[in-house]
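Visitor: Handing over work07.txt, compact mmCIF, C-alpha atoms.
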```txt
# COMPACT_ATOMS: atom_id res chain seq x y z
CA MET A 1 23.25 -97.13 59.15
CA ALA A 2 21.47 -93.79 59.66
CA ARG A 3 18.04 -93.54 61.30
CA ALA A 4 15.17 -91.11 60.68
CA PHE A 5 12.60 -89.55 63.01
CA LEU A 6 9.57 -87.82 61.48
CA ILE A 7 7.73 -85.89 64.20
CA VAL A 8 4.34 -84.32 63.53
CA MET A 9 3.21 -81.55 65.85
CA ASP A 10 -0.47 -81.97 65.04
CA SER A 11 -2.07 -78.72 63.73
CA VAL A 12 1.00 -76.47 64.27
CA GLY A 13 0.49 -74.52 61.04
CA ALA A 14 2.50 -71.63 59.63
CA GLY A 15 -0.17 -69.85 57.56
CA GLY A 16 0.16 -68.72 53.97
CA ALA A 17 -1.50 -71.60 52.11
CA PRO A 18 -2.11 -70.29 48.57
CA ASP A 19 -5.56 -71.93 48.45
CA ALA A 20 -6.65 -70.95 51.98
CA ALA A 21 -9.43 -68.66 50.70
CA SER A 22 -11.23 -71.60 49.09
CA PHE A 23 -11.48 -73.18 52.54
CA GLY A 24 -12.58 -69.96 54.23
CA ASP A 25 -9.20 -69.70 55.94
CA GLU A 26 -7.43 -66.81 54.21
CA GLY A 27 -5.23 -65.16 56.84
CA ALA A 28 -5.21 -68.07 59.29
CA CYS A 29 -1.77 -68.66 60.84
CA THR A 30 -1.58 -70.89 63.90
CA LEU A 31 1.97 -70.14 65.04
CA GLY A 32 1.98 -66.52 63.88
CA HIS A 33 -1.22 -65.61 65.68
CA ILE A 34 -0.26 -67.45 68.87
CA ALA A 35 3.06 -65.58 68.92
CA ALA A 36 1.26 -62.27 68.35
CA GLU A 37 -1.26 -62.93 71.13
CA CYS A 38 1.51 -63.87 73.55
CA ALA A 39 3.54 -60.77 72.68
CA ALA A 40 0.46 -58.60 73.29
CA GLY A 41 -0.09 -60.09 76.75
CA ARG A 42 -3.34 -61.84 75.79
CA ALA A 43 -2.21 -65.39 76.62
CA GLU A 44 -1.26 -65.16 80.27
CA GLN A 45 -3.14 -68.15 81.71
CA GLY A 46 -0.55 -70.55 83.15
CA ARG A 47 2.30 -68.77 81.36
CA SER A 48 3.44 -65.20 80.66
CA GLY A 49 5.06 -62.98 78.08
CA PRO A 50 6.18 -63.65 74.50
CA LEU A 51 6.00 -67.15 73.09
CA ARG A 52 9.29 -68.90 73.91
CA MET A 53 10.45 -71.78 71.70
CA PRO A 54 14.22 -71.21 71.61
CA HIS A 55 15.24 -74.76 70.66
CA LEU A 56 13.02 -75.19 67.61
CA ASP A 57 13.69 -71.54 66.73
CA ALA A 58 17.40 -72.36 66.76
CA LEU A 59 16.73 -74.98 64.09
CA GLY A 60 14.82 -72.40 62.03
CA LEU A 61 11.18 -72.36 63.18
CA GLY A 62 10.78 -68.59 63.22
CA GLU A 63 12.27 -68.21 59.77
CA ALA A 64 10.11 -71.07 58.46
CA VAL A 65 6.91 -69.34 59.59
CA ARG A 66 8.04 -66.01 58.16
CA LEU A 67 8.74 -67.72 54.85
CA ALA A 68 5.34 -69.43 54.89
CA SER A 69 3.18 -66.44 55.71
CA GLY A 70 5.21 -63.34 56.52
CA ALA A 71 4.16 -63.54 60.19
CA ALA A 72 6.25 -61.34 62.47
CA MET A 73 6.99 -64.11 65.00
CA GLU A 74 7.91 -61.75 67.80
CA GLY A 75 10.69 -63.13 69.98
CA PHE A 76 11.92 -65.59 67.34
CA SER A 77 15.32 -64.20 66.30
CA ALA A 78 17.69 -67.15 65.94
CA VAL A 79 19.91 -67.61 62.91
CA PRO A 80 18.93 -71.13 61.80
CA SER A 81 21.43 -73.87 62.62
CA GLY A 82 19.33 -76.66 61.12
CA LEU A 83 17.27 -77.53 58.08
CA TRP A 84 14.31 -75.17 57.69
CA GLY A 85 11.55 -74.39 55.25
CA THR A 86 7.83 -74.76 54.69
CA VAL A 87 5.64 -77.23 52.80
CA GLN A 88 2.17 -76.95 51.30
CA GLU A 89 -0.51 -79.54 50.57
CA VAL A 90 -2.29 -80.41 47.33
CA SER A 91 -4.88 -82.87 48.73
CA ARG A 92 -8.34 -81.33 48.97
CA GLY A 93 -8.62 -81.65 52.69
CA LYS A 94 -7.31 -80.05 55.86
CA ASP A 95 -7.63 -83.18 57.97
CA THR A 96 -5.38 -85.67 59.71
CA PRO A 97 -5.30 -88.49 57.12
CA SER A 98 -4.79 -86.12 54.17
CA GLY A 99 -1.90 -84.36 55.86
CA HIS A 100 -0.14 -87.45 57.15
CA TRP A 101 -0.56 -89.49 53.96
CA GLU A 102 0.79 -86.64 51.87
CA LEU A 103 3.72 -86.10 54.25
CA ALA A 104 4.38 -89.83 53.74
CA GLY A 105 4.44 -89.36 49.96
CA VAL A 106 0.83 -90.09 48.91
CA PRO A 107 -1.59 -87.27 48.05
CA VAL A 108 -5.28 -88.13 48.37
CA PRO A 109 -6.62 -88.86 44.85
CA TRP A 110 -10.32 -88.53 45.68
CA ASP A 111 -12.71 -85.98 47.15
CA TRP A 112 -13.75 -86.79 50.70
CA THR A 113 -17.41 -87.07 51.65
CA TYR A 114 -18.52 -84.40 54.11
CA PHE A 115 -21.83 -84.39 55.92
CA PRO A 116 -24.00 -81.26 55.59
CA ASP A 117 -24.21 -78.80 58.48
CA THR A 118 -27.90 -79.51 58.97
CA VAL A 119 -30.07 -81.25 61.54
CA PRO A 120 -30.22 -84.12 60.84
CA ALA A 121 -26.76 -84.35 59.28
CA PHE A 122 -26.81 -88.06 58.40
CA PRO A 123 -28.86 -89.87 55.75
CA PRO A 124 -31.57 -92.23 57.02
CA ASP A 125 -29.85 -95.37 55.70
CA LEU A 126 -26.70 -94.54 57.69
CA VAL A 127 -28.72 -93.95 60.86
CA ALA A 128 -30.52 -97.26 60.31
CA GLU A 129 -27.19 -99.08 59.91
CA VAL A 130 -25.84 -97.57 63.15
CA CYS A 131 -28.99 -98.63 64.98
CA ARG A 132 -28.79 -102.15 63.55
CA LEU A 133 -25.17 -102.59 64.56
CA ALA A 134 -25.66 -100.99 67.99
CA GLY A 135 -28.92 -102.81 68.69
CA THR A 136 -30.71 -99.55 69.55
CA GLU A 137 -33.90 -97.89 68.36
CA GLY A 138 -32.21 -94.57 67.58
CA ILE A 139 -29.20 -92.31 67.88
CA LEU A 140 -28.56 -88.99 69.63
CA GLY A 141 -26.93 -85.92 68.14
CA ASN A 142 -27.07 -86.38 64.37
CA CYS A 143 -25.46 -83.00 63.72
CA HIS A 144 -22.21 -81.02 63.45
CA ALA A 145 -20.76 -80.55 66.94
CA SER A 146 -17.69 -80.41 69.13
CA GLY A 147 -17.18 -83.39 71.36
CA VAL A 148 -17.41 -81.86 74.83
CA PRO A 149 -20.60 -79.79 74.27
CA ILE A 150 -22.51 -82.58 72.54
CA ILE A 151 -21.68 -85.10 75.25
CA GLU A 152 -22.80 -82.57 77.85
CA GLU A 153 -26.05 -82.01 75.94
CA HIS A 154 -26.91 -85.69 75.54
CA CYS A 155 -25.13 -87.40 78.44
CA ALA A 156 -28.23 -87.92 80.60
CA GLU A 157 -30.36 -89.19 77.70
CA HIS A 158 -27.53 -91.48 76.56
CA LEU A 159 -27.33 -93.02 80.03
CA ARG A 160 -31.13 -93.41 80.12
CA THR A 161 -31.66 -94.85 76.63
CA GLY A 162 -28.33 -96.41 75.71
CA TRP A 163 -28.47 -94.68 72.33
CA PRO A 164 -25.02 -93.70 70.91
CA ILE A 165 -24.19 -90.02 70.46
CA CYS A 166 -23.30 -89.52 66.79
CA TYR A 167 -21.84 -86.31 65.35
CA THR A 168 -19.51 -84.92 62.70
CA SER A 169 -17.53 -81.78 61.87
CA ALA A 170 -16.13 -79.91 58.90
CA ASP A 171 -13.75 -82.87 58.47
CA SER A 172 -14.73 -86.11 56.75
CA VAL A 173 -15.53 -87.95 59.99
CA PHE A 174 -18.29 -89.86 61.74
CA GLN A 175 -17.82 -89.77 65.52
CA ILE A 176 -19.58 -91.90 68.11
CA ALA A 177 -19.44 -91.00 71.80
CA ALA A 178 -20.57 -93.53 74.39
CA HIS A 179 -20.10 -94.27 78.09
CA GLU A 180 -17.30 -96.75 78.73
CA GLU A 181 -19.25 -98.57 81.44
CA ALA A 182 -22.95 -98.08 80.70
CA PHE A 183 -22.61 -98.64 76.94
CA GLY A 184 -19.34 -100.58 77.12
CA LEU A 185 -15.94 -99.76 75.69
CA GLU A 186 -15.59 -102.98 73.69
CA ARG A 187 -19.14 -102.58 72.37
CA LEU A 188 -18.31 -99.03 71.21
CA LEU A 189 -15.10 -100.12 69.51
CA LYS A 190 -16.87 -103.02 67.77
CA LEU A 191 -19.65 -100.69 66.61
CA CYS A 192 -17.10 -98.33 65.05
CA ALA A 193 -15.08 -101.17 63.51
CA ASP A 194 -18.19 -102.76 61.99
CA LEU A 195 -19.45 -99.42 60.67
CA ALA A 196 -16.10 -98.30 59.24
CA PRO A 197 -16.17 -100.31 55.95
CA TRP A 198 -19.65 -98.95 55.19
CA LEU A 199 -18.47 -95.35 55.66
CA HIS A 200 -15.12 -95.87 53.98
CA ALA A 201 -16.98 -97.01 50.86
CA MET A 202 -18.66 -93.58 50.94
CA LYS A 203 -15.17 -91.98 51.13
CA VAL A 204 -15.70 -90.81 54.71
CA GLY A 205 -12.17 -90.66 56.06
CA ARG A 206 -12.54 -91.76 59.67
CA VAL A 207 -14.93 -93.34 62.12
CA ILE A 208 -13.87 -92.21 65.59
CA ALA A 209 -14.80 -93.87 68.89
CA ARG A 210 -15.06 -91.25 71.66
CA PRO A 211 -15.50 -93.05 75.00
CA PHE A 212 -16.19 -91.17 78.22
CA ILE A 213 -16.88 -91.84 81.88
CA GLY A 214 -18.83 -89.98 84.56
CA GLY A 215 -22.21 -88.33 84.27
CA PRO A 216 -23.90 -85.03 83.42
CA GLY A 217 -21.78 -82.12 84.59
CA ASN A 218 -18.79 -84.27 85.55
CA PHE A 219 -18.09 -86.55 82.58
CA LYS A 220 -14.57 -86.99 81.22
CA ARG A 221 -13.42 -88.28 77.84
CA THR A 222 -10.89 -91.07 78.30
CA ALA A 223 -7.64 -91.95 76.54
CA ASN A 224 -9.30 -94.94 74.83
CA ARG A 225 -10.23 -92.96 71.72
CA ARG A 226 -9.78 -95.02 68.59
CA ASP A 227 -9.72 -93.88 64.95
CA PHE A 228 -10.80 -96.28 62.22
CA ALA A 229 -9.31 -94.61 59.15
CA ILE A 230 -9.69 -95.50 55.51
CA ALA A 231 -6.53 -97.15 54.19
CA PRO A 232 -4.08 -95.05 52.16
CA PRO A 233 -4.62 -95.38 48.40
CA ALA A 234 -1.01 -96.39 47.70
CA PRO A 235 2.12 -97.51 49.57
CA THR A 236 3.45 -94.76 51.86
CA LEU A 237 6.83 -93.97 53.37
CA LEU A 238 6.12 -96.55 56.09
CA ASP A 239 5.55 -99.23 53.45
CA TRP A 240 8.66 -98.18 51.51
CA VAL A 241 10.84 -98.51 54.60
CA ALA A 242 9.24 -101.73 55.85
CA GLY A 243 9.45 -103.20 52.35
CA ALA A 244 13.18 -102.58 52.38
CA GLY A 245 13.46 -104.77 55.46
CA ARG A 246 13.91 -101.91 57.91
CA ALA A 247 12.26 -101.48 61.30
CA THR A 248 9.41 -98.99 61.58
CA HIS A 249 7.94 -97.48 64.74
CA GLY A 250 4.71 -95.51 65.09
CA ILE A 251 4.06 -93.26 68.07
CA GLY A 252 0.56 -92.07 69.01
CA LYS A 253 -2.11 -92.02 66.29
CA ILE A 254 0.17 -93.23 63.48
CA GLY A 255 -1.23 -96.76 63.58
CA ASP A 256 -4.80 -95.50 63.27
CA ILE A 257 -3.99 -92.97 60.53
CA PHE A 258 -2.25 -95.54 58.34
CA SER A 259 -4.48 -98.51 59.23
CA MET A 260 -1.29 -100.12 60.61
CA ARG A 261 0.10 -100.50 57.09
CA GLY A 262 3.88 -100.47 57.28
CA VAL A 263 3.88 -99.94 61.07
CA GLY A 264 6.12 -102.57 62.64
CA LYS A 265 5.63 -101.54 66.26
CA LEU A 266 3.13 -99.07 67.69
CA TRP A 267 3.66 -97.13 70.90
CA LYS A 268 0.73 -95.34 72.53
CA GLY A 269 0.11 -93.40 75.73
CA LYS A 270 -2.46 -91.41 77.66
CA SER A 271 -0.89 -88.02 76.92
CA ASP A 272 1.67 -86.28 74.75
CA ALA A 273 4.02 -86.44 77.73
CA ASP A 274 3.76 -90.24 77.62
CA LEU A 275 4.38 -90.20 73.87
CA PHE A 276 7.46 -88.04 74.28
CA GLU A 277 8.93 -90.65 76.61
CA HIS A 278 8.45 -93.20 73.81
CA LEU A 279 10.26 -90.83 71.45
CA MET A 280 13.10 -90.45 73.94
CA ARG A 281 13.42 -94.21 74.36
CA LEU A 282 13.41 -94.83 70.61
CA GLY A 283 15.98 -92.09 70.16
CA ALA A 284 18.22 -94.14 72.42
CA GLU A 285 17.21 -97.63 71.27
CA ALA A 286 15.72 -97.65 67.76
CA GLU A 287 17.45 -99.94 65.28
CA GLU A 288 20.00 -98.77 62.74
CA GLY A 289 18.31 -97.78 59.49
CA SER A 290 14.90 -97.51 61.16
CA LEU A 291 12.07 -94.99 60.77
CA THR A 292 10.21 -93.57 63.76
CA PHE A 293 7.03 -91.68 62.81
CA ALA A 294 5.38 -89.79 65.68
CA ASN A 295 2.20 -87.76 66.10
CA PHE A 296 1.66 -85.39 69.03
CA VAL A 297 -2.06 -84.69 68.98
CA GLU A 298 -2.81 -82.52 72.01
CA PHE A 299 -1.94 -79.23 70.31
CA ASP A 300 -4.95 -79.94 68.09
CA THR A 301 -7.42 -81.70 70.36
CA LEU A 302 -6.92 -79.88 73.66
CA TYR A 303 -6.12 -76.37 72.46
CA GLY A 304 -6.75 -75.82 68.75
CA HIS A 305 -10.36 -76.98 68.50
CA PRO A 306 -11.38 -75.35 71.83
CA ARG A 307 -9.69 -72.11 70.65
CA ASP A 308 -7.49 -71.92 73.75
CA VAL A 309 -4.59 -69.63 72.82
CA ALA A 310 -2.84 -69.71 76.19
CA GLY A 311 -3.18 -73.48 76.45
CA TYR A 312 -1.76 -73.91 72.96
CA ALA A 313 1.16 -71.64 73.87
CA ARG A 314 1.82 -73.62 77.05
CA ALA A 315 1.86 -76.86 75.04
CA LEU A 316 4.26 -75.41 72.47
CA GLU A 317 6.62 -74.18 75.18
CA TRP A 318 6.48 -77.54 76.99
CA PHE A 319 7.29 -79.40 73.78
CA ASP A 320 10.14 -77.04 72.88
CA ALA A 321 11.66 -77.41 76.35
CA ALA A 322 11.65 -81.21 75.88
CA VAL A 323 13.27 -81.12 72.42
CA PRO A 324 16.92 -80.92 73.63
CA ARG A 325 16.48 -84.14 75.62
CA PHE A 326 15.42 -85.93 72.46
CA LEU A 327 18.08 -84.36 70.26
CA ALA A 328 20.71 -85.54 72.74
CA THR A 329 19.74 -89.15 71.97
CA LEU A 330 20.49 -88.83 68.23
CA ARG A 331 23.50 -90.62 66.77
CA PRO A 332 25.85 -89.27 64.10
CA GLY A 333 24.09 -89.47 60.75
CA ASP A 334 20.55 -89.49 62.17
CA LEU A 335 17.87 -87.18 60.75
CA ALA A 336 15.07 -85.65 62.83
CA LEU A 337 12.36 -83.59 61.11
CA PHE A 338 9.68 -81.64 62.96
CA THR A 339 6.61 -80.66 60.96
CA ALA A 340 2.78 -80.56 61.07
CA ASP A 341 -0.19 -81.95 59.14
CA HIS A 342 -2.47 -78.88 58.89
CA GLY A 343 -3.33 -75.79 60.94
CA ASN A 344 -5.79 -75.18 63.77
CA ASP A 345 -5.49 -71.47 64.49
CA PRO A 346 -6.89 -70.90 68.02
CA THR A 347 -7.64 -67.25 67.15
CA TRP A 348 -9.80 -68.26 64.17
CA SER A 349 -13.59 -68.42 63.98
CA GLY A 350 -15.33 -71.75 64.44
CA THR A 351 -13.71 -74.87 65.87
CA ASP A 352 -12.27 -76.63 62.83
CA HIS A 353 -8.84 -77.09 61.26
CA THR A 354 -7.42 -74.29 59.16
CA ARG A 355 -5.81 -74.64 55.71
CA GLU A 356 -2.18 -73.59 56.13
CA ARG A 357 1.33 -74.29 55.05
CA VAL A 358 3.30 -76.02 57.79
CA PRO A 359 6.89 -75.58 58.96
CA VAL A 360 9.64 -78.13 58.51
CA VAL A 361 12.73 -77.88 60.71
CA GLY A 362 15.34 -80.52 61.31
CA ARG A 363 18.61 -81.70 62.76
CA GLY A 364 21.06 -83.90 60.89
CA VAL A 365 22.14 -82.14 57.69
CA GLY A 366 23.54 -78.89 59.09
CA ALA A 367 22.16 -75.44 58.33
CA LYS A 368 20.07 -75.73 55.18
CA ALA A 369 17.25 -73.55 53.81
CA VAL A 370 14.95 -75.67 51.64
CA GLY A 371 12.43 -72.98 50.66
CA VAL A 372 8.75 -73.65 49.88
CA ARG A 373 8.18 -77.29 48.98
CA GLY A 374 5.39 -79.87 48.88
CA PHE A 375 4.19 -82.17 51.65
CA VAL A 376 5.24 -85.13 49.50
CA ASP A 377 8.82 -83.88 49.52
CA VAL A 378 9.03 -84.66 53.25
CA GLY A 379 8.47 -88.37 52.64
CA ALA A 380 10.85 -88.37 49.68
CA SER A 381 13.52 -86.69 51.80
CA VAL A 382 13.21 -89.20 54.63
CA ALA A 383 13.41 -92.05 52.12
CA ALA A 384 16.51 -90.51 50.55
CA HIS A 385 18.15 -90.19 53.94
CA LEU A 386 17.44 -93.86 54.68
CA GLU A 387 18.60 -94.84 51.17
CA VAL A 388 15.20 -96.39 50.46
CA ALA A 389 13.51 -96.01 47.08
CA ALA A 390 10.64 -93.50 47.13
CA GLN A 391 7.56 -94.58 45.15
CA GLY A 392 5.61 -91.31 45.23
CA PRO A 393 5.78 -87.99 43.37
CA GLY A 394 7.94 -86.16 45.92
CA ARG A 395 11.49 -84.88 45.48
CA SER A 396 14.08 -84.91 48.26
CA PHE A 397 15.17 -81.55 49.63
CA LEU A 398 18.22 -82.97 51.43
```
Please, can you express the file's structure as structure tokens?
Guide:
Amino acid sequence: MARAFLIVMDSVGAGGAPDAASFGDEGACTLGHIAAECAAGRAEQGRSGPLRMPHLDALGLGEAVRLASGAAMEGFSAVPSGLWGTVQEVSRGKDTPSGHWELAGVPVPWDWTYFPDTVPAFPPDLVAEVCRLAGTEGILGNCHASGVPIIEEHCAEHLRTGWPICYTSADSVFQIAAHEEAFGLERLLKLCADLAPWLHAMKVGRVIARPFIGGPGNFKRTANRRDFAIAPPAPTLLDWVAGAGRATHGIGKIGDIFSMRGVGKLWKGKSDADLFEHLMRLGAEAEEGSLTFANFVEFDTLYGHPRDVAGYARALEWFDAAVPRFLATLRPGDLALFTADHGNDPTWSGTDHTRERVPVVGRGVGAKAVGVRGFVDVGASVAAHLEVAAQGPGRSFL
């Protein structure tokens, strides 16, 4: 019985979203702009020359980005040997849950709640609830911010007062940073878990625990981040497959994103390199008829948000170089799809995600151009491959 592997390269967008202007992102193109910067010699830190992703390009990555946005994709010249195309989103968000849920067949039916870019950003009743649950007299932050700068700004006061550092972004999120030892990791996770139902009722998508260690000037965020996401509004691809009695595996953030619904086994690690080893092992060992759903987050968190073009290029080239090892584990009849959940153009202004189409390239059905499709068609296609009934609006492109 054939297996399926759905692999999300978090934020690796292809540009060209028809509604990008309404998000302030008209012209954003994560892969296209990284390739252009590399070709121009402006991404030389830790690497050199044009962006090199020959293995995913062989499947059709370069052609997929050109189809999505018309980007030149210098150095990408392969004639596709795999499935290739691009998909676009209908959910009114450019965030992790929206993208993953829709890839898994379920568009978001509501408008997310976003906090205003003001100081303070949070309503008094929310601040009071955080203080009650945390047992503190106040909070720090209370604004839009990126994680590293706001921890740097408030680290000393946090260690002195014990008050949690609370912040948000252009996404529908409420983030709490706290010291793993001084505040306590379990205390931070309990605070976020207890607060999550309150925020989910407001249609805030995620409460994120952001633990760190160290002190002012030398702190470090740890791998114990935890996302408490609102549950999907309907059964997703994971539920469809699990409901058919098949094994399901989640790698990385998949358990958090889907509130563990439909996730039979979850495999986590401290880095994308650790997660790739899980993918390799499941390529060799996963059960017949199973679904493996993986998220590789460091493109987004380490390089997209900090606007680090060279770092993003290094990560892309590392991932591409690892792809043949994984493909070698596939069995006859298996399907592997590589895609993304949104963009995060490191050449763009600000620090937030960018509204983009995303590429889809795959191994398992020969050379096949699928054109411009919807995110939901990815989930429908995986279900069709596994011969599992799809319950969403998508149509298979296999």
Visitor: Go through A:His33, A:Arg3, A:Arg314, A:His249 one by one, measure the shortest atom-to-atom distance of each to Gly46 in chain A using only C-alpha atoms, and give the residue with the smallest value.
Guide: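 The closest residue to Gly46 in chain A is A:Arg314.
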Visitor: Calculate how many Å separate CA of Asp256 in chain A from CA of Arg187 in chain A, rounding to one decimal.
Guide: 18.4 Å
Visitor: Record the distance separating CA of Val173 in chain A and CA of Gly252 in chain A, expressed in Å with one decimal.
Guide: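 Answer for the CA of Val173 in chain A to CA of Gly252 in chain A separation: 18.9 Å.
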Visitor: Which of these, A:Val106, A:Ala247, A:Leu189, A:Ala40, has the shortest distance to Asn224 in chain A once you count only C-alpha atoms?
Guide: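 Result for the nearest residue to Asn224 in chain A: A:Leu189.
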Visitor: Applying 10 Å and all atoms listed in the file, which residues near Phe276 in chain A remain after dropping the ones on its own chain fewer than 6 positions away? List them as a ChimeraX atom specification.
Guide: /A:251-252,269,282,294-296,319,322-323,325-326
